[in-house]
Amino acid sequence: MGSGKVGQGDSFGGYRTQLVELLRDKGIRDLAVLEAVAKVPRHAFVPESVRHRAYEDSPLPIGNGQTISQPLVQAMYLQALKLTGYEKVLEIGTGSGYQTALLGVLASMVFSVERHRGLADTAREALEEVDIRNVTILVGDGTLGWRPFAPYDAILVSAASPDAPAPLLEQLADGGRLVVPLGDRENQVLTLITREGDDYRRENLGGVRFVPLVGQHGFPK
Ligand code: SAH
């Protein structure tokens with residue numbers, strides 16, 4: 001789990017508490033998730049120019065045409081994964097690294113794949129700054145998963161995909177859970193897929209809008 005230094009002694013603590021209350025009002029009930037949001041300084045993961053908006057419940061630009069997702073949607077992902085602290089997790093689309101940091105607090109080991117090297121480097125620096133050490137960021141096409149460390153107890157895809165990439169379904173552990181926004185480039189349905197042997201059960205978690213997953217098993221460039 002992430003170490004104790006995370007989120008201590010910064011001047012944004014009050015804003016973070018307000019964000020936690022808002023997420024609770026909007027239906028996030030998983031205490032571990034709310035505690036992780038209370039602990040991880042979101043402002044460390046957004047560019048200087050939008051830092052004053054870090055604790056609003058909205059997506060923000062992070063460069064390279066990408067966005068850090070809305071906190072409510074990130075909390076929905078985490079709640080759906082039902083993490084207990086012992087899981088090995090794969091994340092596709094590191095982006096800012098904020099969701100990666102929350103995963104670091106909620107799970108035992110996190111591997112996160114990002115296709116833009118610049119974003120991966122910035123995310124690595126932010127994770128180091130907040131002293132989260134159980135995450136590894138990899139640069140590449142995340143639609144292929146990351147085979148050397150498979151299987152994963154949980155997989156999150158934080159970019160829109162036409163369908164669940166086959167390599168990710170293969171790399172999901174039996175009993176594992178995968179959350180992915182499925183749809184076209186404009187609108188998607190956040191989908192929870194639970195693996196039971198060779199069966200993959202799908203559940204609809206609601207409508208969302210994400211930037212596209214670009215890669216071999218996602219959208220073309
Ligand atoms: N969870 C992130 C969301 C970032 S947006 C955050 O809250 O900051 C989605 C990210 O997915 C972008 O950074 C984009 O570059 C990345 N992405 C898109 N296609 C990808 C692929 N095939 N492999 C890895 N990352 C990808």
# chains A, B, ... in the order shown; residues from 1 in each chain; ligands from 1

call {"tool": "closest_atom_pairs", "arguments": {"of": "chain A", "to": "ligand 1", "cutoff": "8 Å", "atoms": "only C-alpha atoms and all ligand atoms", "output": "Markdown table"}}
result
| residue | atom | partner | partner_atom_place_in_ligand_line | distance |
| --- | --- | --- | --- | --- |
| A:Phe45 | CA | ligand 1 | 8 (O) | 7.9 |
| A:Ile62 | CA | ligand 1 | 8 (O) | 7.5 |
| A:Asn64 | CA | ligand 1 | 15 (O) | 7.4 |
| A:Gln66 | CA | ligand 1 | 12 (C) | 5.3 |
| A:Thr67 | CA | ligand 1 | 5 (S) | 5.0 |
| A:Ile68 | CA | ligand 1 | 8 (O) | 3.5 |
| A:Ser69 | CA | ligand 1 | 7 (O) | 4.3 |
| A:Gln70 | CA | ligand 1 | 7 (O) | 7.4 |
| A:Gln74 | CA | ligand 1 | 7 (O) | 7.1 |
| A:Ile92 | CA | ligand 1 | 24 (C) | 5.2 |
| A:Gly93 | CA | ligand 1 | 11 (O) | 3.2 |
| A:Thr94 | CA | ligand 1 | 2 (C) | 5.0 |
| A:Gly95 | CA | ligand 1 | 13 (O) | 3.3 |
| A:Ser96 | CA | ligand 1 | 8 (O) | 3.7 |
| A:Gly97 | CA | ligand 1 | 8 (O) | 5.4 |
| A:Tyr98 | CA | ligand 1 | 7 (O) | 5.6 |
| A:Gln99 | CA | ligand 1 | 1 (N) | 5.0 |
| A:Thr100 | CA | ligand 1 | 1 (N) | 7.0 |
| A:Val113 | CA | ligand 1 | 24 (C) | 5.0 |
| A:Glu114 | CA | ligand 1 | 25 (N) | 3.7 |
| A:Arg115 | CA | ligand 1 | 24 (C) | 4.1 |
| A:His116 | CA | ligand 1 | 15 (O) | 5.4 |
| A:Leu119 | CA | ligand 1 | 13 (O) | 6.6 |
| A:Val139 | CA | ligand 1 | 24 (C) | 7.3 |
| A:Gly140 | CA | ligand 1 | 23 (N) | 5.9 |
| A:Asp141 | CA | ligand 1 | 23 (N) | 3.9 |
| A:Gly142 | CA | ligand 1 | 23 (N) | 3.5 |
| A:Thr143 | CA | ligand 1 | 22 (N) | 4.9 |
| A:Leu144 | CA | ligand 1 | 22 (N) | 7.8 |
| A:Val157 | CA | ligand 1 | 11 (O) | 7.8 |
| A:Ser158 | CA | ligand 1 | 1 (N) | 5.2 |
| A:Ala159 | CA | ligand 1 | 9 (C) | 4.7 |
| A:Phe210 | CA | ligand 1 | 5 (S) | 7.0 |
| A:Val211 | CA | ligand 1 | 9 (C) | 5.9 |
| A:Pro212 | CA | ligand 1 | 18 (C) | 6.0 |
| A:Leu213 | CA | ligand 1 | 19 (N) | 3.6 |
| A:Val214 | CA | ligand 1 | 19 (N) | 4.0 |
| A:Gly215 | CA | ligand 1 | 22 (N) | 4.3 |
| A:Gln216 | CA | ligand 1 | 22 (N) | 7.3 |
| A:His217 | CA | ligand 1 | 22 (N) | 7.8 |
| A:Gly218 | CA | ligand 1 | 22 (N) | 6.6 |

call {"tool": "select_by_dssp", "arguments": {"residues": "region 20-144 of chain A", "states": "strand (DSSP E)", "output": "list in words"}}
result
Leu60, Pro61, Ile62, Gly63, Gln66, Thr67, Ile68, Lys88, Val89, Leu90, Glu91, Ile92, Met109, Val110, Phe111, Ser112, Val113, Glu114, Val135, Thr136, Ile137, Leu138 and Val139 of chain A

call {"tool": "select_by_dssp", "arguments": {"residues": "region 19-211 of chain A", "states": "helix (DSSP H, G or I)", "output": "ChimeraX atom specification"}}
result
/A:19-25,31-39,42-45,48-53,71-81,98-106,117-129,142-144,147-149,166-170

call {"tool": "decode", "arguments": {"residues": "region 124-138 of chain A", "atoms": "all heavy atoms", "output": "mmCIF file, in the first residue's frame"}}
result
data_model
loop_
_atom_site.group_PDB
_atom_site.id
_atom_site.type_symbol
_atom_site.label_atom_id
_atom_site.label_comp_id
_atom_site.auth_asym_id
_atom_site.auth_seq_id
_atom_site.Cartn_x
_atom_site.Cartn_y
_atom_site.Cartn_z
ATOM 1 N N ARG A 124 5.026 9.951 -13.575
ATOM 2 C CA ARG A 124 6.056 9.332 -12.720
ATOM 3 C C ARG A 124 6.584 10.319 -11.688
ATOM 4 O O ARG A 124 6.735 9.992 -10.510
ATOM 5 C CB ARG A 124 7.227 8.850 -13.576
ATOM 6 C CG ARG A 124 7.223 7.377 -13.803
ATOM 7 C CD ARG A 124 8.530 6.906 -14.441
ATOM 8 N NE ARG A 124 8.214 5.878 -15.420
ATOM 9 C CZ ARG A 124 8.372 5.994 -16.720
ATOM 10 N NH1 ARG A 124 8.885 7.091 -17.243
ATOM 11 N NH2 ARG A 124 8.029 5.012 -17.517
ATOM 12 N N GLU A 125 6.854 11.549 -12.166
ATOM 13 C CA GLU A 125 7.373 12.583 -11.250
ATOM 14 C C GLU A 125 6.371 12.903 -10.154
ATOM 15 O O GLU A 125 6.727 13.021 -8.977
ATOM 16 C CB GLU A 125 7.686 13.873 -12.025
ATOM 17 C CG GLU A 125 9.014 13.829 -12.745
ATOM 18 C CD GLU A 125 9.134 14.952 -13.779
ATOM 19 O OE1 GLU A 125 8.500 16.000 -13.603
ATOM 20 O OE2 GLU A 125 9.859 14.741 -14.770
ATOM 21 N N ALA A 126 5.089 13.043 -10.540
ATOM 22 C CA ALA A 126 4.055 13.376 -9.548
ATOM 23 C C ALA A 126 3.914 12.256 -8.523
ATOM 24 O O ALA A 126 3.785 12.502 -7.315
ATOM 25 C CB ALA A 126 2.727 13.642 -10.244
ATOM 26 N N LEU A 127 3.955 11.011 -8.985
ATOM 27 C CA LEU A 127 3.824 9.865 -8.063
ATOM 28 C C LEU A 127 4.991 9.830 -7.079
ATOM 29 O O LEU A 127 4.823 9.513 -5.903
ATOM 30 C CB LEU A 127 3.747 8.562 -8.863
ATOM 31 C CG LEU A 127 2.400 8.346 -9.558
ATOM 32 C CD1 LEU A 127 2.521 7.368 -10.712
ATOM 33 C CD2 LEU A 127 1.362 7.846 -8.547
ATOM 34 N N GLU A 128 6.173 10.190 -7.584
ATOM 35 C CA GLU A 128 7.345 10.233 -6.720
ATOM 36 C C GLU A 128 7.186 11.333 -5.677
ATOM 37 O O GLU A 128 7.460 11.142 -4.496
ATOM 38 C CB GLU A 128 8.582 10.477 -7.574
ATOM 39 C CG GLU A 128 9.863 10.046 -6.904
ATOM 40 C CD GLU A 128 10.967 9.873 -7.931
ATOM 41 O OE1 GLU A 128 10.773 9.079 -8.878
ATOM 42 O OE2 GLU A 128 11.987 10.559 -7.796
ATOM 43 N N GLU A 129 6.688 12.485 -6.148
ATOM 44 C CA GLU A 129 6.486 13.643 -5.268
ATOM 45 C C GLU A 129 5.550 13.305 -4.100
ATOM 46 O O GLU A 129 5.765 13.737 -2.974
ATOM 47 C CB GLU A 129 5.911 14.788 -6.106
ATOM 48 C CG GLU A 129 5.848 16.135 -5.401
ATOM 49 C CD GLU A 129 5.090 17.156 -6.247
ATOM 50 O OE1 GLU A 129 5.275 17.141 -7.490
ATOM 51 O OE2 GLU A 129 4.310 17.932 -5.672
ATOM 52 N N VAL A 130 4.498 12.528 -4.371
ATOM 53 C CA VAL A 130 3.561 12.184 -3.291
ATOM 54 C C VAL A 130 3.943 10.864 -2.615
ATOM 55 O O VAL A 130 3.199 10.352 -1.779
ATOM 56 C CB VAL A 130 2.088 12.152 -3.770
ATOM 57 C CG1 VAL A 130 1.704 13.486 -4.405
ATOM 58 C CG2 VAL A 130 1.841 11.017 -4.743
ATOM 59 N N ASP A 131 5.111 10.321 -3.019
ATOM 60 C CA ASP A 131 5.683 9.162 -2.335
ATOM 61 C C ASP A 131 4.858 7.883 -2.460
ATOM 62 O O ASP A 131 4.749 7.113 -1.509
ATOM 63 C CB ASP A 131 5.904 9.518 -0.850
ATOM 64 C CG ASP A 131 7.011 8.688 -0.239
ATOM 65 O OD1 ASP A 131 7.873 8.211 -0.996
ATOM 66 O OD2 ASP A 131 6.993 8.491 0.987
ATOM 67 N N ILE A 132 4.299 7.664 -3.652
ATOM 68 C CA ILE A 132 3.614 6.387 -3.915
ATOM 69 C C ILE A 132 4.568 5.517 -4.718
ATOM 70 O O ILE A 132 4.996 5.896 -5.804
ATOM 71 C CB ILE A 132 2.269 6.632 -4.626
ATOM 72 C CG1 ILE A 132 1.307 7.228 -3.599
ATOM 73 C CG2 ILE A 132 1.710 5.337 -5.227
ATOM 74 C CD1 ILE A 132 -0.084 7.451 -4.070
ATOM 75 N N ARG A 133 4.918 4.360 -4.160
ATOM 76 C CA ARG A 133 6.030 3.571 -4.700
ATOM 77 C C ARG A 133 5.666 2.186 -5.211
ATOM 78 O O ARG A 133 6.522 1.456 -5.690
ATOM 79 C CB ARG A 133 7.098 3.410 -3.610
ATOM 80 C CG ARG A 133 7.689 4.735 -3.201
ATOM 81 C CD ARG A 133 8.639 4.591 -2.035
ATOM 82 N NE ARG A 133 9.107 5.901 -1.625
ATOM 83 C CZ ARG A 133 10.082 6.567 -2.240
ATOM 84 N NH1 ARG A 133 10.694 6.040 -3.276
ATOM 85 N NH2 ARG A 133 10.437 7.745 -1.797
ATOM 86 N N ASN A 134 4.388 1.806 -5.082
ATOM 87 C CA ASN A 134 4.014 0.460 -5.523
ATOM 88 C C ASN A 134 3.411 0.460 -6.928
ATOM 89 O O ASN A 134 2.657 -0.431 -7.283
ATOM 90 C CB ASN A 134 3.034 -0.175 -4.527
ATOM 91 C CG ASN A 134 1.796 0.685 -4.298
ATOM 92 O OD1 ASN A 134 1.792 1.864 -4.622
ATOM 93 N ND2 ASN A 134 0.773 0.074 -3.743
ATOM 94 N N VAL A 135 3.728 1.499 -7.728
ATOM 95 C CA VAL A 135 3.212 1.552 -9.092
ATOM 96 C C VAL A 135 4.355 1.634 -10.094
ATOM 97 O O VAL A 135 5.389 2.246 -9.826
ATOM 98 C CB VAL A 135 2.236 2.741 -9.295
ATOM 99 C CG1 VAL A 135 1.191 2.805 -8.212
ATOM 100 C CG2 VAL A 135 2.976 4.058 -9.368
ATOM 101 N N THR A 136 4.162 0.992 -11.242
ATOM 102 C CA THR A 136 5.145 1.015 -12.321
ATOM 103 C C THR A 136 4.462 1.546 -13.567
ATOM 104 O O THR A 136 3.403 1.046 -13.946
ATOM 105 C CB THR A 136 5.664 -0.413 -12.606
ATOM 106 O OG1 THR A 136 6.141 -0.964 -11.377
ATOM 107 C CG2 THR A 136 6.792 -0.400 -13.624
ATOM 108 N N ILE A 137 5.046 2.566 -14.180
ATOM 109 C CA ILE A 137 4.454 3.132 -15.393
ATOM 110 C C ILE A 137 5.235 2.664 -16.608
ATOM 111 O O ILE A 137 6.467 2.704 -16.619
ATOM 112 C CB ILE A 137 4.422 4.670 -15.305
ATOM 113 C CG1 ILE A 137 3.532 5.026 -14.111
ATOM 114 C CG2 ILE A 137 3.893 5.296 -16.588
ATOM 115 C CD1 ILE A 137 3.243 6.469 -13.959
ATOM 116 N N LEU A 138 4.498 2.176 -17.596
ATOM 117 C CA LEU A 138 5.095 1.609 -18.790
ATOM 118 C C LEU A 138 4.624 2.400 -19.997
ATOM 119 O O LEU A 138 3.481 2.856 -20.023
ATOM 120 C CB LEU A 138 4.639 0.147 -18.924
ATOM 121 C CG LEU A 138 4.831 -0.691 -17.645
ATOM 122 C CD1 LEU A 138 3.808 -1.798 -17.546
ATOM 123 C CD2 LEU A 138 6.239 -1.255 -17.604
#
